[in-house]
Each structure stands twice: as structure tokens, then as C-alpha cells.
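To keep things clear, I will list the structure first and then write my remarks on it.
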There are 2 protein chains.
Amino acid sequence: MRDVMVIGAGMTKFGELWGKSIRNIFVEAAEGAIRDAGVDHIDSLYVGAMSSGLFVCQEHLGAVMADYLGVTPVPATHVESACSSGGASFRQAFLEVASGASDIVLAGGVEKMTDGADVTEALATAADQEYEVYQGVTFPGLYAMIARAHMEEFKTTREQLAAVAVKNHENGTKNPNAQFRRRVTAEQVMQSTMVADPLRLLDCSPVSDGAAAVILASRDVARALGRDRIRVKASAQASDTIALHSRKSLTTLGAVVKAAEKAYSLAGLKPSAIDFVEVHDCFTIAEIVVSEDLGFFEKGRGGEAAEQGLTAIGSDHIPINTSGGLKSKGHPVGATGIAQIIEVYEQLTGRAGERQVAKARFGMAQNMGGSGASCVIHILEAL
Amino acid sequence: MRDVMVIGAGMTKFGELWGKSIRNIFVEAAEGAIRDAGVDHIDSLYVGAMSSGLFVCQEHLGAVMADYLGVTPVPATHVESACSSGGASFRQAFLEVASGASDIVLAGGVEKMTDGADVTEALATAADQEYEVYQGVTFPGLYAMIARAHMEEFKTTREQLAAVAVKNHENGTKNPNAQFRRRVTAEQVMQSTMVADPLRLLDCSPVSDGAAAVILASRDVARALGRDRIRVKASAQASDTIALHSRKSLTTLGAVVKAAEKAYSLAGLKPSAIDFVEVHDCFTIAEIVVSEDLGFFEKGRGGEAAEQGLTAIGSDHIPINTSGGLKSKGHPVGATGIAQIIEVYEQLTGRAGERQVAKARFGMAQNMGGSGASCVIHILEAL
């Protein structure tokens with residue numbers, strides 16, 4: 001396999017972008033990435049999106065975006081893996097460059113969620129339609145069950161869940177593209193509207209519009225452009241049962257564990273070598289569980305770690321979600337996985353401004369779908 | 001890039017499969033392919049589907065299928081490119097094996113269209129939602145415009161359109177998996193219900209359920225299994241404007257022309273070297289236009305060629321759609337591209353029974369989405 005580099009990034013602000021259509025925002029992000037990379041063409045493109053069919057009645061997103069970006073006849077493909085659609089889009093672009101089939105590939109992600117569709121119903125199609133959704137379960141309910149089990153098994157507290165939200169909102173104040181650039185207190189989180197006990201409104205990532213894109217290139221092309229600094233050190237993906245009830249444990253996400261094992265093995269690294277990580281905090285409990293399943297904390301100790309500040313910017317343990325995470329930055333589903341890669345890229349290139357972590361060499365992005373039935377992990381390295 | 005071989009295939013019968021769910025039929029096809037290939041595991045899988053969200057309220061299809069096939073935690077990804085989702089799924093599997101990331105990959109496709117969704121509305125999401133669909137255009141209307149333009153420009157006749165349907169239904173009688181295994185006469189086609197002038201009911205491919213899957217492997221693995229006979233000689237993909245009205249010509253499909261150029265160039269072959277082809281005959285006019293754009297006939301002569309029998313099984317010119325094509329075999333959208341590959345594979349391995357073409361070395365599969373905004377072409381070679 002050839003070495004693959006990330007050479008540029010672009011994204012829209014995340015939020016309620018009512019004045020722009022799905023194609024407008026994708027093109028805005030893609031043009032930003034192309035400009036940033038300094039390339040005069042792309043060989044192909046991928047679009048990660050969860051369900052543009054249900055959200056905005058538009059499938060065939062690859063062709064739509066190639067057309068509006070003005071790059072036809074390049075190959076253009078839409079990739080879906082629920083909330084890990086962005087990570088999957090990046091992985092397919094990585095494989096295409098690694099194979100030698102293409103030298104410069106755009107990996108993008110987009111979702112337009114505020115245009116009138118029933119968002120809860122559309123998102124629920126990421127769960128098991130026949131055995132979960134039909135019985136009335138939605139995602140806050142599924143993650144609430146994970147939270148209850150984690151509290152029961154490991155004495156994780158309501159305060160620890162809140163600590164994740166407080167930290168991510170703090171980080172989000174430093175991110176110009178974040179949907180919510182305001183601090184919240186633990187009290188505010190714990191007094192916010194109950195959504196699915198024990199998860200409250202401020203434990204949940206928001207409904208968002210947004211797009212993000214990066215440019216991947218072969219090492220030779222990156223070198224010629226003078227942009228061969230950030231390498232994709234590992235790309236790994238794994239699956240798990242679609243329904244939460246089919247799993248042996250509610251408090252370990254098997255796809256995260258398996259994808260992490262593979263990623264560490266491909267990179268020849270241990271968790272301790274990772275300098276910072278973007279994780280899929282669709283709900284506060286998700287960040288806690290994932291921080292354990294990635295090997296950064298012992299199983300059951302993720303809540304405590306968040307409360308003690310071990311995951312904050314400046315911690316020498318492991319800063320988590322320096323971007324603000326899904327919680328504060330926003331969660332336009334298909335764009336999220338690419339936005340995570342962008343945060344890792346910005347940190348490794350020293351462009352993260354007020355959020356900058358010191359002397360980082362290895363950054364990780366962990367993106368997952370549904371209640372963890374799919375997980376895509378990438379490790380990027382600053383050379 | 002590594003050589004990639006096709007080593008096994010499986011599919012369901014196409015038709016109205018009311019007794020089975022989308023996961024049942026995908027698993028049936030995938031198990032068939034795994035059994036046929038004689039492998040004891042797969043490294044990853046792809047699912048091509050156009051809009052399982054709109055058709056059956058289930059996204060996250062990669063994870064769903066990995067789960068029900070019993071292969072978790074392998075990576076599993078859903079790929080969408082409207083009616084060329086199957087071809088795109090095969091291409092992503094090809095790139096993954098070619099890259100060296102995996103040795104054995106399943107490429108599948110599926111669609112369950114008869115479970116109650118508004119099929120015309122769901123299919124229309126493959127066109128330009130904002131500038132075509134919102135104005136009332138549907139796919140029969142778009143292809144009818146292509147047909148009218150072709151008739152006007154090249155004197156293509158109503159009889160020539162009918163000849164395509166007659167030939168494909170004849171071929172379909174010889175395919176046990178075809179939805180319609182009955183002959184039709186030119187008179188029946190020309191007297192069938194008008195759908196969008198000049199296209200009548202028997203000019204249109206049907207609404208279908210079905211699934212199809214193939215196994216791709218590296219050459220080393222294929223050799224060890226004694227199944228290194230069929231090689232992927234070329235994989236090519238191209239895009240065009242999403243809206244038909246944005247194109248310079250209605251009678252040439254730019255994405256087909258561009259993907260074909262690339263495929264021939266990668267294979268080092270001219271059209272005359274191709275022994276038979278499966279083309280995307282969603283409507284009779286599509287087969288005529290595509291047969292020209294692939295270089296088998298001069299532009300404007302495709303209708304005449306069909307009428308003269310140059311595309312029938314047994315013709316020494318170019319047998320087209322020996323499987324019965326979308327017209328007679330059925331068109332479960334996401335499964336179609338994989339079913340085309342399967343027909344090429346069956347022909348090249350001499351397993352096509354009554355449909356067998358003589359002494360074939362190179363077979364082509366041409367799959368497209370929407371009114372041709374995306375096209376994926378593969379050439380397979382019998383070694």
C-alpha cells in the first residue's frame with residue numbers, strides 16, 4: 001500500500017444553516033479544502049452522508065456534488081455508515097489513493113438536518129428498524145440504557161456525565177466553526193430538560209447542518225506540493241450487531257474495541273502514544289465509554305477521568321474533543337467524521353489557535369454509527 | 001495495484017419477494033457467493049443500495065448485513081450511486097483488494113422496492129430534486145425525452161425500441177433468476193400502456209426486489225483456492241451533470257463515454273475486443289444509446305442494430321444483455337450492478353446454460369445512475 005497524506009481541509013460553520021441547501025454547503029467545504037491544499041484538480045471524490053434521501057429527498061449525492069463542484073466527469077461516490085458516514089468516506093478515499101488508482105482524492109461529508117424532515121425518525125433508521133425502532137426505541141433511549149448500565153456497573157455518576165458536556169462546551173468556545181460557542185455549568189447540564197433518563201438535553205449532541213472536506217494525496221504528489229507533513233498512519237473499521245440488545249455487554253462497544261485494536265496494530269502504537277483524540281460524543285456517556293474502549297482509561301474509569309480534568313486541553317493524559325466534539329461543535333451526521341479528521345489535521349499542523357495542544361505527533365479520530373454497530377478509526381501522524 | 005479476481009457469485013431470484021425482508025435476501029445472496037467461492041471467511045463487505053431509507057426505513061445497511069450474515073466485526077460499508085450503486089459497491093471492493101488492505105472482500109447489492117414505499121417518489125431522488133423533480137419530472141419522463149431526441153436526430157423508430165424489449169425478454173426466458181420469464185412480441189410492446197410518450201409499459205424495467213453478491217480476492221488467494229480464472233481487467237467510473245437539461249446533448253451520455261474511454265484505456269482494448277456486454281437498459285432507449293456510447297455501434301445506429309439482431313445471443317457482433325437485462329431480469333436498483341457482474345462471471349466461466357455465448361474472453365458490465373449522471377464500467381477477463 002502506498003503512503004497517503006492529508007494535504008488540505010475545509011468546512012462550513014456547523015449550525016442551523018437555513019439559507020443554504022445541501023449542495024451549497026458541500027461545495028463551500030469542498031472548495032475550501034481544494035483551495036487549502038493548493039491543488040488544481042481532483043481525481044475523484046467521496047461524499048459521506050447518512051440519509052439525504054430522508055432529510056432532503058436527494059440521493060445520488062456523489063453525482064450531485066461532482067456537478068455542483070464543477071468537477072464532472074470525475075468518479076463521485078456516496079458512502080453511508082449512519083453517523084460514521086464521514087469516517088467511512090475518508091477510509092474509501094484513503095483506500096483509493098493507497099491502491100494507486102488515484103493520486104488526489106477529496107473526502108467529504110455533509111448533512112442537512114433542519115430542512116423539515118422528522119429528524120428523530122430519520123436518525124432512527126441507523127438502529128435496527130425491525131427489532132428496535134418498531135418497538136419505539138430512539139437513540140436517546142438506547143444511549144440512556146448504556147448510561148444506566150454504566151452507572152450501575154461502575155458507579156459512574158450524573159456529575160461525571162455533566163463533566164463531559166462542560167469540558168466540550170468549554171473547548172467549543174475556542175472553535176469558530178462550532179454550533180454552540182458558549183460555556184455550560186454542571187448545574188445547567190443536570191437541570192436541563194430530561195430527554196431519556198438519565199440523559200438530559202445538555203447531554204445530547206444537537207441537530208445540525210454542515211459540511212466538511214479534506215484532500216488526500218499520494219506521498220509523491222504531496223511532496224511536489226510541499227504539503228507532505230501529515231500522514232495517515234492507520235485506517236481501521238469494524239462492525240457490531242445492529243441492535244443493542246444483541247450484545248453481551250451494554251458498557252463496552254465491540255466495534256470500537258476491534259477497530260482500535262486494528263488501528264494500534266497497523267500503526268505499531270499503544271494508546272499512550274496518542275497525543276489527543278476526537279471521539280464520537282453523540283451523548284456524554286458515549287465519550288466516557290469510548291475513552292475506555294480506546295484504551296485511554298481502564299474500563300469503568302472514564303467518568304472519573306473526565307471529572308478530574310484528564311481529558312481537557314492542557315492535560316498531559318489525553319485531551320479529548322479539543323474541537324468541542326459533537327456536543328458543542330454540532331453533529332451534522334455525515335459531516336462529523338470528516339470534521340474530526342479536520343480537527344486532528346489542524347492540531348497536527350499547528351493551526352488550532354486557542355485550542356492548540358502542545359507538541360502533538362499522533363492524533364486519532366474515532367467515528368461511530370448507531371449505538372456503535374459501526375466504528376471507523378484513523379490515526380494521523382505529523383512527520 | 002494488485003490483480004483482483006472474482007471467485008464466486010450468488011443471487012436471489014428477482015421479483016416481488018413479499019415473504020422476505022431486505023436482510024433475508026441480502027444474506028441469501030451473500031451466503032450463496034461465499035459458498036460458491038469456497039472461502040471460510042471474508043475480510044470486509046460492501047452493500048450497494050440506492051435508498052433503503054426511503055424504501056424500508058433502514059439505513060446503516062453495512063452493519064445490518066454484517067450482523068445478519070454473522071460476520072461481525074468485519075468492516076461493512078454501504079455505497080450509493082442511485083441505480084449504479086451495485087457497480088459502485090463492486091468498484092470499492094475492487095479498490096480495497098487492489099490496495100492490499102484486504103484479500104477477500106464481498107461486494108453485494110440489494111433493494112427491496114415492493115414493501116409499500118412510493119417507488120416513483122423514491123426513485124426520483126436519483127434525479128435533480130431542486131430543478132427536475134420539484135417541477136414534476138420522473139424517470140420515465142426523462143428517458144422519454146432522450147428517446148424523442150434520438151428519434152428526431154437519428155430516425156430511430158418505435159419498432160427499434162420494441163426490438164430491444166423483445167430480445168431481452170427472449171434472453172430472460174433462459175435465466176432462472178429473471179423476474180419475467182416470458183416472451184413478448186413487438187406488437188405487444190407497441191400496444192402496451194403508454195407511460196411517457198414514446199415509452200410504453202413494456203419499454204420500462206420493472207419494480208423489483210432482489211439481492212446479488214460476488215466475492216473478490218487477491219490473485220494469490222484465488223490461486224490457493226483454485227479459482228484464479230476470472231480477472232478484473234478494468235474498473236472505471238465517471239460522473240455527469242445531475243440534471244438532464246444541463247447537458248449539451250440528450251442523445252449522448254457523457255458519463256458512459258468517459259467511463260468507457262477509461263475502461264478501454266486501462267484494459268488496453270478496443271470495443272471490438274469485447275465479446276458480450278451487460279448494459280443498463282432501465283428503458284429500451286437506454287440500451288440503444290449506451291450501445292452507441294460504448295463504441296459498439298456508430299452514434300445513431302443502435303436502434304437499427306437491435307432490430308437487425310446484431311445484439312442477440314449468437315450474434316458475432318456483440319450480444320447485449322444475455323441475462324435478460326433490467327427489462328426482463330428485473331431491476332432491484334442496488335442489486336442490478338452486481339447482477340450484471342454475475343452474468344459476466346457466469347458467461348466467462350461457462351455456467352450460463354441456455355444463455356451461454358461461445359468462446360468468450362472479455363465481458364463488460366455497464367451500470368448507470370439516474371439519467372446517466374453516474375456510470376460504472378467493469379471489464380472481466382477469462383484467463
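Residue numbering restarts at 1 for every chain of the C-alpha cells, chains are lettered A, B, ... in their displayed order, and ligands are numbered from 1 as they appear.
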
Could the residues of chain B within 6 Å of chain A, counting only C-alpha atoms, be given as a ChimeraX atom specification, please? /B:1,57-60,63-64,67,72-75,78-82,95-96,98-100,125-126,129,237-242,373

What does the file look like for those residues with N, CA and C atoms, as a tab-separated table (two decimals), in the first residue's frame?
```tsv
chain	number	residue	atom	x	y	z
B	1	MET	N	-0.90	-1.52	-8.36
B	1	MET	CA	-2.14	-2.16	-7.91
B	1	MET	C	-2.06	-3.67	-8.09
B	57	CYS	N	-37.11	2.19	5.38
B	57	CYS	CA	-36.78	2.87	6.66
B	57	CYS	C	-35.59	2.26	7.37
B	58	GLN	N	-34.61	1.75	6.63
B	58	GLN	CA	-33.43	1.19	7.26
B	58	GLN	C	-32.18	1.71	6.58
B	59	GLU	N	-31.39	2.54	7.30
B	59	GLU	CA	-30.07	2.91	6.82
B	59	GLU	C	-29.07	2.05	7.59
B	60	HIS	N	-27.80	2.45	7.54
B	60	HIS	CA	-26.75	1.70	8.27
B	60	HIS	C	-26.69	0.26	7.77
B	63	ALA	N	-23.68	-2.36	8.53
B	63	ALA	CA	-23.71	-3.02	9.83
B	63	ALA	C	-24.86	-4.04	9.91
B	64	VAL	N	-26.01	-3.65	9.38
B	64	VAL	CA	-27.16	-4.58	9.41
B	64	VAL	C	-26.78	-5.90	8.74
B	67	ASP	N	-24.10	-8.03	10.50
B	67	ASP	CA	-24.73	-8.69	11.65
B	67	ASP	C	-25.53	-9.92	11.21
B	72	THR	N	-19.73	-10.09	11.80
B	72	THR	CA	-19.12	-9.04	12.63
B	72	THR	C	-17.89	-9.64	13.28
B	73	PRO	N	-16.83	-8.88	13.51
B	73	PRO	CA	-16.68	-7.42	13.38
B	73	PRO	C	-16.06	-6.94	12.07
B	74	VAL	N	-16.25	-7.64	10.95
B	74	VAL	CA	-15.59	-7.16	9.72
B	74	VAL	C	-16.12	-5.79	9.31
B	75	PRO	N	-15.28	-4.96	8.70
B	75	PRO	CA	-15.74	-3.67	8.19
B	75	PRO	C	-16.86	-3.89	7.17
B	78	HIS	N	-21.92	0.72	3.29
B	78	HIS	CA	-22.98	0.91	2.30
B	78	HIS	C	-22.55	1.98	1.30
B	79	VAL	N	-22.70	1.66	0.02
B	79	VAL	CA	-22.30	2.56	-1.06
B	79	VAL	C	-23.53	2.89	-1.90
B	80	GLU	N	-23.68	4.18	-2.23
B	80	GLU	CA	-24.86	4.58	-3.00
B	80	GLU	C	-24.47	5.40	-4.21
B	81	SER	N	-24.99	5.03	-5.35
B	81	SER	CA	-24.84	5.86	-6.54
B	81	SER	C	-26.08	5.65	-7.40
B	82	ALA	N	-27.25	5.82	-6.75
B	82	ALA	CA	-28.54	5.61	-7.39
B	82	ALA	C	-28.56	4.22	-8.04
B	95	LEU	N	-11.11	-1.83	-5.26
B	95	LEU	CA	-10.03	-0.93	-4.79
B	95	LEU	C	-9.44	-1.43	-3.47
B	96	GLU	N	-10.30	-1.97	-2.60
B	96	GLU	CA	-9.80	-2.46	-1.31
B	96	GLU	C	-8.85	-3.64	-1.50
B	98	ALA	N	-7.28	-4.37	-4.38
B	98	ALA	CA	-6.15	-3.88	-5.17
B	98	ALA	C	-5.13	-3.15	-4.30
B	99	SER	N	-5.63	-2.47	-3.26
B	99	SER	CA	-4.73	-1.69	-2.39
B	99	SER	C	-3.84	-2.56	-1.52
B	100	GLY	N	-4.30	-3.80	-1.30
B	100	GLY	CA	-3.55	-4.67	-0.39
B	100	GLY	C	-4.10	-4.64	1.03
B	125	THR	N	-35.47	10.57	-6.35
B	125	THR	CA	-34.37	11.20	-5.60
B	125	THR	C	-33.02	10.98	-6.29
B	126	ALA	N	-33.00	10.16	-7.36
B	126	ALA	CA	-31.77	9.99	-8.15
B	126	ALA	C	-31.62	11.09	-9.19
B	129	GLN	N	-33.34	16.97	-7.47
B	129	GLN	CA	-34.54	17.25	-6.68
B	129	GLN	C	-35.01	18.70	-6.88
B	237	GLN	N	-15.07	4.63	-13.59
B	237	GLN	CA	-16.29	5.30	-13.14
B	237	GLN	C	-16.23	6.75	-13.59
B	238	ALA	N	-17.38	7.33	-13.89
B	238	ALA	CA	-17.42	8.74	-14.29
B	238	ALA	C	-18.74	9.37	-13.86
B	239	SER	N	-18.76	10.70	-13.83
B	239	SER	CA	-19.97	11.43	-13.46
B	239	SER	C	-20.34	12.41	-14.57
B	240	ASP	N	-21.57	12.89	-14.50
B	240	ASP	CA	-22.05	13.90	-15.43
B	240	ASP	C	-23.00	14.81	-14.66
B	241	THR	N	-23.51	15.84	-15.28
B	241	THR	CA	-24.45	16.72	-14.59
B	241	THR	C	-25.63	15.90	-14.07
B	242	ILE	N	-26.13	16.27	-12.90
B	242	ILE	CA	-27.25	15.52	-12.33
B	242	ILE	C	-28.52	15.74	-13.15
B	373	ALA	N	-26.09	10.37	-14.79
B	373	ALA	CA	-25.19	11.27	-14.08
B	373	ALA	C	-24.03	10.51	-13.45
```

Write out as a PDB file with C-alpha atoms, in the first residue's frame all residues of region 147-302 of chain B that backbone DSSP assigns to alpha helix (DSSP H).
```pdb
ATOM      1  CA  ALA B 147     -35.987   8.757 -26.786  1.00  0.00           C
ATOM      2  CA  ARG B 148     -37.790  11.597 -28.574  1.00  0.00           C
ATOM      3  CA  ALA B 149     -34.495  13.385 -29.223  1.00  0.00           C
ATOM      4  CA  HIS B 150     -32.906  10.180 -30.539  1.00  0.00           C
ATOM      5  CA  MET B 151     -35.882   9.512 -32.834  1.00  0.00           C
ATOM      6  CA  GLU B 152     -35.742  13.086 -34.099  1.00  0.00           C
ATOM      7  CA  GLU B 153     -31.993  13.195 -34.615  1.00  0.00           C
ATOM      8  CA  PHE B 154     -31.331   9.688 -35.950  1.00  0.00           C
ATOM      9  CA  ARG B 158     -40.798   2.860 -32.394  1.00  0.00           C
ATOM     10  CA  GLU B 159     -40.174  -0.632 -33.828  1.00  0.00           C
ATOM     11  CA  GLN B 160     -36.468  -0.419 -32.959  1.00  0.00           C
ATOM     12  CA  LEU B 161     -37.260   0.420 -29.325  1.00  0.00           C
ATOM     13  CA  ALA B 162     -39.578  -2.586 -29.243  1.00  0.00           C
ATOM     14  CA  ALA B 163     -36.855  -4.825 -30.687  1.00  0.00           C
ATOM     15  CA  VAL B 164     -34.772  -4.250 -27.542  1.00  0.00           C
ATOM     16  CA  ALA B 165     -37.602  -5.399 -25.287  1.00  0.00           C
ATOM     17  CA  VAL B 166     -38.364  -8.426 -27.469  1.00  0.00           C
ATOM     18  CA  LYS B 167     -34.703  -9.533 -27.445  1.00  0.00           C
ATOM     19  CA  ASN B 168     -34.254  -9.021 -23.691  1.00  0.00           C
ATOM     20  CA  HIS B 169     -37.440 -10.906 -22.849  1.00  0.00           C
ATOM     21  CA  GLU B 170     -36.281 -13.729 -25.125  1.00  0.00           C
ATOM     22  CA  ASN B 171     -32.975 -13.872 -23.186  1.00  0.00           C
ATOM     23  CA  GLY B 172     -34.850 -13.686 -19.889  1.00  0.00           C
ATOM     24  CA  ALA B 186     -43.062  -6.182 -30.911  1.00  0.00           C
ATOM     25  CA  GLU B 187     -46.823  -5.677 -31.272  1.00  0.00           C
ATOM     26  CA  GLN B 188     -47.370  -6.310 -27.572  1.00  0.00           C
ATOM     27  CA  VAL B 189     -44.682  -3.792 -26.679  1.00  0.00           C
ATOM     28  CA  MET B 190     -46.116  -1.172 -29.015  1.00  0.00           C
ATOM     29  CA  GLN B 191     -49.657  -1.700 -27.776  1.00  0.00           C
ATOM     30  CA  ARG B 219      -4.628 -13.346  -7.130  1.00  0.00           C
ATOM     31  CA  ASP B 220      -2.623 -15.295  -4.538  1.00  0.00           C
ATOM     32  CA  VAL B 221      -5.685 -16.183  -2.509  1.00  0.00           C
ATOM     33  CA  ALA B 222      -7.639 -17.047  -5.655  1.00  0.00           C
ATOM     34  CA  ARG B 223      -4.839 -19.314  -6.827  1.00  0.00           C
ATOM     35  CA  ALA B 224      -4.679 -21.109  -3.494  1.00  0.00           C
ATOM     36  CA  GLY B 254     -21.207  11.779 -21.208  1.00  0.00           C
ATOM     37  CA  ALA B 255     -20.507   9.670 -18.122  1.00  0.00           C
ATOM     38  CA  VAL B 256     -20.850   6.496 -20.211  1.00  0.00           C
ATOM     39  CA  VAL B 257     -18.471   7.834 -22.855  1.00  0.00           C
ATOM     40  CA  LYS B 258     -15.905   8.926 -20.241  1.00  0.00           C
ATOM     41  CA  ALA B 259     -16.087   5.732 -18.178  1.00  0.00           C
ATOM     42  CA  ALA B 260     -15.798   3.646 -21.354  1.00  0.00           C
ATOM     43  CA  GLU B 261     -12.737   5.585 -22.540  1.00  0.00           C
ATOM     44  CA  LYS B 262     -11.094   4.992 -19.190  1.00  0.00           C
ATOM     45  CA  ALA B 263     -12.039   1.294 -19.095  1.00  0.00           C
ATOM     46  CA  TYR B 264     -10.744   0.629 -22.609  1.00  0.00           C
ATOM     47  CA  SER B 265      -7.566   2.521 -21.831  1.00  0.00           C
ATOM     48  CA  LEU B 266      -6.942   0.622 -18.577  1.00  0.00           C
ATOM     49  CA  ALA B 267      -7.615  -2.687 -20.334  1.00  0.00           C
ATOM     50  CA  THR B 284     -35.332   0.341 -24.076  1.00  0.00           C
ATOM     51  CA  ILE B 285     -33.913   3.662 -25.303  1.00  0.00           C
ATOM     52  CA  ALA B 286     -31.140   3.441 -22.684  1.00  0.00           C
ATOM     53  CA  GLU B 287     -29.808   0.217 -24.212  1.00  0.00           C
ATOM     54  CA  ILE B 288     -29.730   1.826 -27.654  1.00  0.00           C
ATOM     55  CA  VAL B 289     -27.929   4.987 -26.513  1.00  0.00           C
ATOM     56  CA  VAL B 290     -25.468   3.094 -24.317  1.00  0.00           C
ATOM     57  CA  SER B 291     -24.635   0.555 -27.041  1.00  0.00           C
ATOM     58  CA  GLU B 292     -23.524   3.524 -29.141  1.00  0.00           C
ATOM     59  CA  ASP B 293     -21.702   5.369 -26.336  1.00  0.00           C
ATOM     60  CA  GLY B 302     -28.034   1.447 -32.100  1.00  0.00           C
TER      61      GLY B 302
END
```

Could you list, with a cut-off of 6 Å and counting only C-alpha atoms, the residues of region 109-201 of chain A near region 326-334 of chain A, each shown with its nearest atom pair and the distance in Å rounded to one decimal, rows sorted by chain and ascending number, as a Markdown table?
```
| residue | atom | partner | partner_atom | distance |
| --- | --- | --- | --- | --- |
| A:Gly109 | CA | A:Gly334 | CA | 4.9 |
| A:Val110 | CA | A:Gly334 | CA | 4.8 |
| A:Glu111 | CA | A:Pro332 | CA | 4.9 |
| A:His169 | CA | A:Ser328 | CA | 5.1 |
| A:Gly172 | CA | A:Ser328 | CA | 5.4 |
| A:Ala178 | CA | A:Lys329 | CA | 3.8 |
| A:Gln179 | CA | A:Lys329 | CA | 5.0 |
| A:Phe180 | CA | A:Ser328 | CA | 5.1 |
```

Next, the residues of the selection above should be written as a CSV table (one decimal), in the first residue's frame with all heavy atoms.
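Below is the file result.csv, written as the result:
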```
chain,number,residue,atom,x,y,z
A,109,GLY,N,-18.0,15.1,3.7
A,109,GLY,CA,-19.2,14.6,4.4
A,109,GLY,C,-20.1,15.8,4.6
A,109,GLY,O,-19.7,17.0,4.7
A,110,VAL,N,-21.4,15.5,4.6
A,110,VAL,CA,-22.4,16.5,4.7
A,110,VAL,C,-23.7,16.0,5.3
A,110,VAL,O,-24.0,14.8,5.2
A,110,VAL,CB,-22.7,17.1,3.3
A,110,VAL,CG1,-23.4,16.1,2.4
A,110,VAL,CG2,-23.6,18.4,3.3
A,111,GLU,N,-24.5,16.9,6.0
A,111,GLU,CA,-25.8,16.5,6.3
A,111,GLU,C,-26.6,17.8,6.5
A,111,GLU,O,-26.1,18.8,7.0
A,111,GLU,CB,-25.9,15.7,7.6
A,111,GLU,CG,-27.1,14.7,7.6
A,111,GLU,CD,-26.8,13.4,6.9
A,111,GLU,OE1,-25.8,12.7,7.2
A,111,GLU,OE2,-27.5,13.1,5.9
A,169,HIS,N,-18.1,22.0,25.9
A,169,HIS,CA,-18.6,23.3,25.6
A,169,HIS,C,-17.5,24.3,25.8
A,169,HIS,O,-17.4,25.3,25.1
A,169,HIS,CB,-19.8,23.6,26.5
A,169,HIS,CG,-21.1,23.2,25.9
A,169,HIS,ND1,-21.9,24.1,25.1
A,169,HIS,CD2,-21.8,22.0,25.8
A,169,HIS,CE1,-23.0,23.5,24.7
A,169,HIS,NE2,-22.9,22.2,25.1
A,172,GLY,N,-15.5,24.2,22.8
A,172,GLY,CA,-16.2,24.8,21.7
A,172,GLY,C,-16.2,26.3,21.6
A,172,GLY,O,-16.3,26.9,20.5
A,178,ALA,N,-17.9,26.1,15.6
A,178,ALA,CA,-18.8,25.3,16.5
A,178,ALA,C,-20.2,25.9,16.5
A,178,ALA,O,-20.4,27.1,16.4
A,178,ALA,CB,-18.2,25.3,17.9
A,179,GLN,N,-21.2,25.0,16.6
A,179,GLN,CA,-22.6,25.5,16.7
A,179,GLN,C,-22.9,26.2,18.0
A,179,GLN,O,-23.5,27.3,18.0
A,179,GLN,CB,-23.5,24.2,16.6
A,179,GLN,CG,-25.0,24.5,16.6
A,179,GLN,CD,-25.8,23.3,16.1
A,179,GLN,OE1,-25.2,22.3,15.8
A,179,GLN,NE2,-27.1,23.5,16.0
A,180,PHE,N,-22.4,25.7,19.1
A,180,PHE,CA,-22.6,26.3,20.4
A,180,PHE,C,-21.3,26.8,21.0
A,180,PHE,O,-20.5,26.0,21.5
A,180,PHE,CB,-23.3,25.3,21.4
A,180,PHE,CG,-24.6,24.8,20.9
A,180,PHE,CD1,-24.8,23.4,20.9
A,180,PHE,CD2,-25.6,25.7,20.5
A,180,PHE,CE1,-26.1,23.0,20.5
A,180,PHE,CE2,-26.8,25.2,20.1
A,180,PHE,CZ,-27.1,23.8,20.1
```

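The nearest approach to Arg23 (chain A) among the residues A:Pro176, A:Gly268, A:Gly210, A:Gly116, with only C-alpha atoms taken into account, belongs to A:Gly210.
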
Give the strand (DSSP E or B) residues of region 176-345 of chain A, as assigned by DSSP on the backbone, as number ranges by chain. A: 194-196, 199-200, 204, 209-218, 230-239, 276-278, 283, 320

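Atom pair CA of Val344 (chain A) / CA of Ala217 (chain A) has a distance of 16.8 Å (rounded to one decimal).
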